[in-house]
file input-v6.cif (mmCIF, C-alpha atoms)
data_my_file
#
loop_
_atom_site.label_atom_id
_atom_site.label_comp_id
_atom_site.auth_asym_id
_atom_site.auth_seq_id
_atom_site.Cartn_x
_atom_site.Cartn_y
_atom_site.Cartn_z
CA MET A 1 0.00 0.00 0.00
CA THR A 2 1.31 3.38 -0.98
CA ALA A 3 0.15 6.53 0.72
CA ILE A 4 -1.25 9.34 -1.42
CA PHE A 5 -0.12 12.83 -0.48
CA ALA A 6 -2.66 15.44 -1.51
CA THR A 7 -0.27 18.37 -1.05
CA ALA A 8 3.44 19.02 -1.15
CA GLU A 9 3.23 19.81 2.57
CA ASP A 10 1.69 16.39 3.25
CA ALA A 11 4.56 14.67 1.44
CA GLU A 12 7.15 16.77 3.28
CA ASN A 13 5.50 16.06 6.63
CA ALA A 14 5.50 12.35 5.85
CA PHE A 15 9.21 12.54 5.08
CA TYR A 16 10.07 14.06 8.47
CA ASP A 17 7.60 11.77 10.24
CA ALA A 18 9.33 8.74 8.72
CA ILE A 19 12.68 10.07 9.95
CA ALA A 20 11.30 10.47 13.48
CA ARG A 21 10.12 6.84 13.39
CA ALA A 22 13.28 5.62 11.61
CA ASP A 23 10.86 3.95 9.20
CA LEU A 24 12.84 3.27 6.04
CA ASP A 25 9.90 1.96 4.01
CA ALA A 26 7.76 4.96 4.89
CA LEU A 27 10.67 7.27 4.08
CA MET A 28 11.23 5.71 0.68
CA ALA A 29 7.49 5.78 -0.10
CA VAL A 30 7.64 9.58 -0.03
CA TRP A 31 10.11 9.73 -2.91
CA ALA A 32 8.97 9.95 -6.51
CA ASP A 33 9.25 6.83 -8.63
CA ASP A 34 11.99 8.36 -10.74
CA GLU A 35 15.55 7.20 -11.19
CA GLU A 36 16.76 10.81 -11.11
CA ILE A 37 15.72 11.58 -7.53
CA VAL A 38 18.54 13.30 -5.66
CA CYS A 39 19.43 13.31 -1.97
CA ILE A 40 22.28 15.47 -0.71
CA HIS A 41 23.34 14.73 2.85
CA PRO A 42 25.11 17.25 5.12
CA THR A 43 28.27 15.19 4.62
CA GLY A 44 28.33 16.45 1.03
CA GLN A 45 27.32 13.23 -0.68
CA ARG A 46 24.98 13.60 -3.64
CA LEU A 47 23.06 10.38 -4.12
CA GLN A 48 20.95 9.61 -7.16
CA GLY A 49 18.27 6.97 -7.49
CA ALA A 50 16.18 5.07 -4.98
CA ALA A 51 18.71 2.30 -4.30
CA ALA A 52 21.54 4.65 -3.28
CA ILE A 53 19.20 6.89 -1.28
CA ARG A 54 17.63 3.93 0.55
CA GLU A 55 21.05 2.53 1.43
CA SER A 56 22.22 5.88 2.82
CA TRP A 57 19.18 6.27 5.06
CA ARG A 58 19.42 2.64 6.15
CA GLY A 59 22.90 3.50 7.38
CA ILE A 60 21.74 6.69 9.09
CA PHE A 61 18.91 4.90 10.91
CA ALA A 62 21.18 1.98 11.90
CA GLY A 63 24.08 4.07 13.11
CA ASN A 64 22.34 6.76 15.10
CA PRO A 65 20.00 7.10 18.04
CA ARG A 66 16.44 8.01 17.07
CA PHE A 67 16.10 11.68 16.23
CA THR A 68 13.37 14.07 15.29
CA VAL A 69 13.47 17.08 12.99
CA ARG A 70 11.51 20.22 13.68
CA VAL A 71 10.98 22.27 10.54
CA ALA A 72 10.66 26.03 10.70
CA HIS A 73 11.14 29.22 8.71
CA SER A 74 9.73 27.66 5.54
CA VAL A 75 9.88 29.61 2.33
CA ARG A 76 7.69 27.90 -0.25
CA TRP A 77 7.26 28.25 -3.97
CA SER A 78 4.71 26.20 -5.85
CA GLY A 79 3.58 25.59 -9.38
CA MET A 80 1.05 23.13 -10.73
CA LEU A 81 3.44 20.21 -10.82
CA LEU A 82 6.49 21.32 -8.85
CA ALA A 83 6.93 22.82 -5.40
CA VAL A 84 10.08 23.86 -3.58
CA HIS A 85 10.41 24.43 0.15
CA SER A 86 13.44 26.06 1.76
CA VAL A 87 13.41 25.15 5.45
CA VAL A 88 15.49 25.26 8.59
CA GLU A 89 15.66 21.82 10.22
CA THR A 90 16.40 21.62 13.94
CA LEU A 91 17.48 18.17 15.09
CA TYR A 92 16.63 16.65 18.46
CA ALA A 93 18.08 13.35 19.67
CA GLY A 94 15.53 10.97 21.18
CA ASP A 95 13.30 12.77 23.68
CA ALA A 96 15.75 15.61 24.20
CA THR A 97 14.33 19.10 24.34
CA THR A 98 17.70 20.71 23.62
CA PRO A 99 18.50 20.82 19.91
CA GLN A 100 21.52 18.91 18.65
CA GLY A 101 22.05 21.09 15.62
CA SER A 102 20.50 22.84 12.66
CA LEU A 103 20.48 22.09 8.99
CA LEU A 104 19.29 24.07 6.01
CA ALA A 105 17.27 22.05 3.52
CA THR A 106 15.78 22.55 0.10
CA ASN A 107 13.00 20.08 -0.62
CA VAL A 108 11.72 19.67 -4.18
CA LEU A 109 8.34 18.02 -4.63
CA GLN A 110 6.47 16.89 -7.71
CA ARG A 111 2.80 16.22 -8.33
CA GLY A 112 2.25 13.01 -10.21
CA ALA A 113 -0.55 10.54 -10.84
CA SER A 114 -0.34 9.35 -7.24
CA GLY A 115 -0.11 12.72 -5.52
CA TRP A 116 2.88 14.73 -4.36
CA ARG A 117 6.26 13.06 -3.95
CA LEU A 118 9.78 14.12 -3.11
CA LEU A 119 12.15 14.64 -6.05
CA ALA A 120 15.11 16.12 -4.21
CA HIS A 121 16.29 16.80 -0.67
CA HIS A 122 19.38 18.97 -0.29
CA ALA A 123 20.52 19.32 3.32
CA SER A 124 23.61 21.12 4.58
CA ALA A 125 24.87 22.42 7.90
CA ALA A 126 23.60 25.78 9.11
CA GLY A 127 26.50 28.09 9.81
CA GLU A 128 27.30 29.76 13.09
CA ASP A 129 26.18 33.07 11.70
CA GLY A 130 23.38 31.47 9.76
CA HIS A 131 19.69 31.63 10.34
CA ASP A 132 18.36 33.30 13.47
CA GLU A 133 16.52 30.21 14.70
CA ALA A 134 14.86 31.69 17.76
CA GLY A 135 13.67 34.76 15.93
CA ASP A 136 15.06 37.00 18.64
CA GLY A 137 17.93 38.46 16.69
CA VAL A 138 20.55 36.29 18.37
CA PRO A 139 22.21 33.81 16.02
CA ARG A 140 22.77 30.44 17.65
CA THR A 141 25.66 28.03 17.34
CA LEU A 142 24.00 24.66 17.40
CA HIS A 143 26.68 22.33 16.16
CA MET B 1 18.04 47.68 -18.98
CA THR B 2 17.17 44.27 -17.67
CA ALA B 3 18.04 41.12 -19.56
CA ILE B 4 15.24 38.70 -20.45
CA PHE B 5 16.05 35.03 -19.99
CA ALA B 6 13.97 32.84 -22.29
CA THR B 7 14.76 29.62 -20.46
CA ALA B 8 15.74 28.52 -16.98
CA GLU B 9 19.08 27.44 -18.42
CA ASP B 10 19.67 30.94 -19.79
CA ALA B 11 19.06 32.45 -16.36
CA GLU B 12 21.32 29.90 -14.69
CA ASN B 13 24.07 30.49 -17.25
CA ALA B 14 23.79 34.24 -16.68
CA PHE B 15 24.19 33.65 -12.94
CA TYR B 16 27.45 31.75 -13.34
CA ASP B 17 28.65 34.15 -16.03
CA ALA B 18 28.12 37.07 -13.65
CA ILE B 19 30.15 35.23 -11.00
CA ALA B 20 33.00 34.70 -13.46
CA ARG B 21 32.99 38.43 -14.23
CA ALA B 22 32.44 39.40 -10.57
CA ASP B 23 29.64 41.58 -11.93
CA LEU B 24 27.36 42.29 -8.98
CA ASP B 25 24.70 44.13 -10.98
CA ALA B 26 24.49 41.36 -13.56
CA LEU B 27 24.34 38.79 -10.77
CA MET B 28 21.50 40.56 -9.01
CA ALA B 29 19.61 41.02 -12.29
CA VAL B 30 19.26 37.25 -12.52
CA TRP B 31 17.28 37.05 -9.27
CA ALA B 32 13.51 37.28 -9.22
CA ASP B 33 11.99 40.52 -8.01
CA ASP B 34 10.63 38.85 -4.88
CA GLU B 35 11.47 39.58 -1.26
CA GLU B 36 11.45 35.87 -0.47
CA ILE B 37 14.41 34.94 -2.68
CA VAL B 38 16.85 32.72 -0.77
CA CYS B 39 20.60 32.26 -1.12
CA ILE B 40 22.40 29.66 0.99
CA HIS B 41 26.18 29.94 0.91
CA PRO B 42 28.55 27.03 1.63
CA THR B 43 29.31 28.73 4.96
CA GLY B 44 25.78 27.80 6.05
CA GLN B 45 24.28 31.27 5.92
CA ARG B 46 20.70 31.45 4.64
CA LEU B 47 20.06 34.90 3.27
CA GLN B 48 16.64 36.20 2.32
CA GLY B 49 15.82 39.17 0.14
CA ALA B 50 17.78 41.08 -2.47
CA ALA B 51 19.54 43.44 -0.05
CA ALA B 52 21.09 40.68 2.07
CA ILE B 53 21.97 38.58 -0.97
CA ARG B 54 23.57 41.54 -2.76
CA GLU B 55 25.64 42.40 0.30
CA SER B 56 26.91 38.83 0.66
CA TRP B 57 28.02 38.62 -2.96
CA ARG B 58 29.57 42.08 -2.77
CA GLY B 59 31.71 40.70 0.04
CA ILE B 60 32.56 37.54 -1.89
CA PHE B 61 33.62 39.49 -4.98
CA ALA B 62 35.59 41.99 -2.90
CA GLY B 63 37.38 39.44 -0.73
CA ASN B 64 38.40 36.84 -3.26
CA PRO B 65 40.42 36.53 -6.43
CA ARG B 66 38.30 36.16 -9.55
CA PHE B 67 36.94 32.65 -9.92
CA THR B 68 34.91 30.70 -12.42
CA VAL B 69 32.41 27.94 -11.86
CA ARG B 70 32.07 25.01 -14.21
CA VAL B 71 28.69 23.34 -13.87
CA ALA B 72 28.26 19.64 -14.57
CA HIS B 73 26.14 16.63 -13.77
CA SER B 74 22.92 18.63 -13.94
CA VAL B 75 19.70 16.96 -12.95
CA ARG B 76 16.81 19.16 -14.04
CA TRP B 77 13.11 19.19 -13.29
CA SER B 78 10.82 21.68 -14.92
CA GLY B 79 7.21 22.75 -14.80
CA MET B 80 5.46 25.61 -16.52
CA LEU B 81 6.48 28.21 -13.97
CA LEU B 82 9.14 26.56 -11.83
CA ALA B 83 12.34 24.72 -12.65
CA VAL B 84 14.90 23.14 -10.36
CA HIS B 85 18.45 22.20 -11.30
CA SER B 86 20.69 20.08 -9.10
CA VAL B 87 24.27 20.64 -10.22
CA VAL B 88 27.87 20.00 -9.27
CA GLU B 89 29.88 23.23 -9.32
CA THR B 90 33.64 22.99 -9.80
CA LEU B 91 35.49 26.16 -8.86
CA TYR B 92 38.60 27.48 -10.60
CA ALA B 93 40.58 30.44 -9.34
CA GLY B 94 41.52 32.98 -12.03
CA ASP B 95 42.93 31.25 -15.08
CA ALA B 96 43.86 28.10 -13.20
CA THR B 97 43.11 24.81 -14.90
CA THR B 98 43.28 22.86 -11.65
CA PRO B 99 40.02 22.97 -9.69
CA GLN B 100 40.01 24.59 -6.28
CA GLY B 101 37.05 22.65 -4.98
CA SER B 102 33.56 21.41 -5.63
CA LEU B 103 30.18 22.49 -4.42
CA LEU B 104 26.76 20.95 -4.75
CA ALA B 105 24.04 23.41 -5.68
CA THR B 106 20.29 23.40 -6.05
CA ASN B 107 19.06 26.26 -8.22
CA VAL B 108 15.37 27.13 -8.25
CA LEU B 109 14.09 29.22 -11.14
CA GLN B 110 10.75 30.84 -11.82
CA ARG B 111 9.12 32.00 -15.03
CA GLY B 112 7.57 35.42 -14.66
CA ALA B 113 6.42 38.25 -16.89
CA SER B 114 10.03 39.07 -17.72
CA GLY B 115 11.31 35.57 -18.36
CA TRP B 116 13.07 33.12 -16.09
CA ARG B 117 14.72 34.32 -12.88
CA LEU B 118 16.46 32.76 -9.92
CA LEU B 119 14.35 32.22 -6.78
CA ALA B 120 16.80 30.22 -4.72
CA HIS B 121 20.42 29.09 -4.81
CA HIS B 122 21.48 26.52 -2.21
CA ALA B 123 25.20 25.72 -2.31
CA SER B 124 27.12 23.45 0.04
CA ALA B 125 30.46 21.70 0.05
CA ALA B 126 30.79 18.44 -1.83
CA GLY B 127 32.07 15.71 0.45
CA GLU B 128 35.21 13.69 -0.02
CA ASP B 129 33.17 10.66 -0.90
CA GLY B 130 30.64 12.75 -2.77
CA HIS B 131 30.01 12.98 -6.45
CA ASP B 132 32.29 11.18 -8.87
CA GLU B 133 33.31 14.30 -10.76
CA ALA B 134 35.43 12.69 -13.44
CA GLY B 135 32.88 10.01 -14.24
CA ASP B 136 35.51 7.32 -14.01
CA GLY B 137 34.33 5.70 -10.80
CA VAL B 138 37.03 7.33 -8.68
CA PRO B 139 35.69 9.85 -6.16
CA ARG B 140 37.88 12.93 -5.94
CA THR B 141 38.85 15.02 -2.96
CA LEU B 142 38.83 18.54 -4.26
CA HIS B 143 38.85 20.65 -1.15
#
call {"tool": "encode", "arguments": {"input": "input-v6.cif", "output": "structure tokens"}}
result
Amino acid sequence: MTAIFATAEDAENAFYDAIARADLDALMAVWADDEEIVCIHPTGQRLQGAAAIRESWRGIFAGNPRFTVRVAHSVRWSGMLLAVHSVVETLYAGDATTPQGSLLATNVLQRGASGWRLLAHHASAAGEDGHDEAGDGVPRTLH
Amino acid sequence: MTAIFATAEDAENAFYDAIARADLDALMAVWADDEEIVCIHPTGQRLQGAAAIRESWRGIFAGNPRFTVRVAHSVRWSGMLLAVHSVVETLYAGDATTPQGSLLATNVLQRGASGWRLLAHHASAAGEDGHDEAGDGVPRTLH
């Protein structure tokens, strides 16, 4: 059974929900059925295709404690068939309430016959003088 | 006078051409006239709006020797009004033929009344085990 995502936001939420549950099948179900899908990890690896992307996330889920991603400061652009979200991801390990770090991500989503799916996820480290996460004018160093 | 870019590729080419010429006005003319434009530099800064983006590039052009960017390994998705290009940028200082380093970039372009313009540029360092630049199966360390 494959979930249908009615909006780009639904697909993006499902992506981060799958990460929080370390659910590899759910994570991969969010991606478009397209051999050109691209996932760029903060390590600087650019992976193409479902097999390489699945293997990378399998390793991430196996090698790390459970973590959740809170998404904020979204800037969204959308067309009929494509949508792009620029977001700030704040990572929390397990049940921790103190963030472990921040990433900047660009998520590209596509509307196809079976709803919205992820085409590309580009994540990279947020810099020390990067985004003002708390919105109080004080840049944070989170990693 | 503002240039009209007939295709997303034209706008992207103009962006990298402006970088090679360190031409701040030409660079800024490629961006969409939208306060939500986003530029993420490899340092991890996420800048929003033309003023912040202009200032960051002014600093880059002022503080560095001239450099050119060769773009390769493009993966492109396009709709009627939005296009996204995932590219590998190889940087060359001045007239050097040896690359100084590689970046991974996601470029988001929008078609408006005056042609295609850049909405977002997300650049981050390519990892040591990242993209196989030479296409010969041997990952390169370029930075």
call {"tool": "closest_residue", "arguments": {"input": "input-v6.cif", "among": "A:Met28, A:Ala96, A:Ala8, A:Val88", "to": "chain B", "atoms": "all atoms listed in the file"}}
result
A:Val88
call {"tool": "residues_around", "arguments": {"input": "input-v6.cif", "residues": "Ser114 in chain B", "least_positions_apart": "6", "cutoff": "9 Å", "atoms": "only C-alpha atoms", "output": "number ranges by chain"}}
result
B: 2-6
call {"tool": "interface_residues", "arguments": {"input": "input-v6.cif", "of": "chain B", "to": "chain A", "cutoff": "8 Å", "atoms": "all atoms listed in the file", "output": "NGL selection string"}}
result
:B and (36 or 38 or 43-47 or 75 or 78-84 or 86 or 104 or 106 or 108 or 122 or 124-131)
call {"tool": "write_last_selection", "arguments": {"input": "input-v6.cif", "atoms": "C-alpha atoms", "output": "PDB file, in the coordinates of the input"}}
result
ATOM      1  CA  GLU B  36      11.450  35.870  -0.470  1.00  0.00           C
ATOM      2  CA  VAL B  38      16.850  32.720  -0.770  1.00  0.00           C
ATOM      3  CA  THR B  43      29.310  28.730   4.960  1.00  0.00           C
ATOM      4  CA  GLY B  44      25.780  27.800   6.050  1.00  0.00           C
ATOM      5  CA  GLN B  45      24.280  31.270   5.920  1.00  0.00           C
ATOM      6  CA  ARG B  46      20.700  31.450   4.640  1.00  0.00           C
ATOM      7  CA  LEU B  47      20.060  34.900   3.270  1.00  0.00           C
ATOM      8  CA  VAL B  75      19.700  16.960 -12.950  1.00  0.00           C
ATOM      9  CA  SER B  78      10.820  21.680 -14.920  1.00  0.00           C
ATOM     10  CA  GLY B  79       7.210  22.750 -14.800  1.00  0.00           C
ATOM     11  CA  MET B  80       5.460  25.610 -16.520  1.00  0.00           C
ATOM     12  CA  LEU B  81       6.480  28.210 -13.970  1.00  0.00           C
ATOM     13  CA  LEU B  82       9.140  26.560 -11.830  1.00  0.00           C
ATOM     14  CA  ALA B  83      12.340  24.720 -12.650  1.00  0.00           C
ATOM     15  CA  VAL B  84      14.900  23.140 -10.360  1.00  0.00           C
ATOM     16  CA  SER B  86      20.690  20.080  -9.100  1.00  0.00           C
ATOM     17  CA  LEU B 104      26.760  20.950  -4.750  1.00  0.00           C
ATOM     18  CA  THR B 106      20.290  23.400  -6.050  1.00  0.00           C
ATOM     19  CA  VAL B 108      15.370  27.130  -8.250  1.00  0.00           C
ATOM     20  CA  HIS B 122      21.480  26.520  -2.210  1.00  0.00           C
ATOM     21  CA  SER B 124      27.120  23.450   0.040  1.00  0.00           C
ATOM     22  CA  ALA B 125      30.460  21.700   0.050  1.00  0.00           C
ATOM     23  CA  ALA B 126      30.790  18.440  -1.830  1.00  0.00           C
ATOM     24  CA  GLY B 127      32.070  15.710   0.450  1.00  0.00           C
ATOM     25  CA  GLU B 128      35.210  13.690  -0.020  1.00  0.00           C
ATOM     26  CA  ASP B 129      33.170  10.660  -0.900  1.00  0.00           C
ATOM     27  CA  GLY B 130      30.640  12.750  -2.770  1.00  0.00           C
ATOM     28  CA  HIS B 131      30.010  12.980  -6.450  1.00  0.00           C
TER      29      HIS B 131
END
call {"tool": "atom_distance", "arguments": {"input": "input-v6.cif", "atom1": "CA of Ala20 in chain A", "atom2": "CA of Phe67 in chain A"}}
result
5.7 Å
call {"tool": "atom_distance", "arguments": {"input": "input-v6.cif", "atom1": "CA of Thr68 in chain A", "atom2": "CA of Ala14 in chain A"}}
result
12.4 Å
call {"tool": "resolve_selection", "arguments": {"input": "input-v6.cif", "expression": "the PyMOL selection byres ((chain B and resi 31) around 6)", "output": "JSON, numbers by chain"}}
result
{"B": [28, 29, 30, 32, 117, 118]}
call {"tool": "closest_residue", "arguments": {"input": "input-v6.cif", "among": "B:Arg21, B:Asp33, B:Ala26, B:Glu89", "to": "Gly115 in chain B", "atoms": "all atoms listed in the file"}}
result
B:Asp33
call {"tool": "atom_distance", "arguments": {"input": "input-v6.cif", "atom1": "CA of Glu35 in chain A", "atom2": "CA of Ala51 in chain A"}}
result
9.0 Å
call {"tool": "axis_aligned_box", "arguments": {"input": "input-v6.cif", "around": "range 46-62 of chain B", "padding_each_side": "4 Å", "output": "lines of an AutoDock Vina configuration file"}}
result
center_x = 25.7
center_y = 37.4
center_z = -0.2
size_x = 27.8
size_y = 20.0
size_z = 17.6
call {"tool": "closest_residue", "arguments": {"input": "input-v6.cif", "among": "A:Val71, A:Ala93, A:Leu24, A:Ala11", "to": "Gly59 in chain A", "atoms": "only C-alpha atoms"}}
result
A:Leu24
call {"tool": "resolve_selection", "arguments": {"input": "input-v6.cif", "expression": "the PyMOL selection byres ((chain A and resi 92) around 8)", "output": "VMD selection string"}}
result
chain A and resid 67 to 70 90 to 91 93 to 101
call {"tool": "closest_residue", "arguments": {"input": "input-v6.cif", "among": "A:Pro65, A:Ala52, A:Arg111, A:Leu27", "to": "Asn13 in chain A", "atoms": "all atoms listed in the file"}}
result
A:Leu27
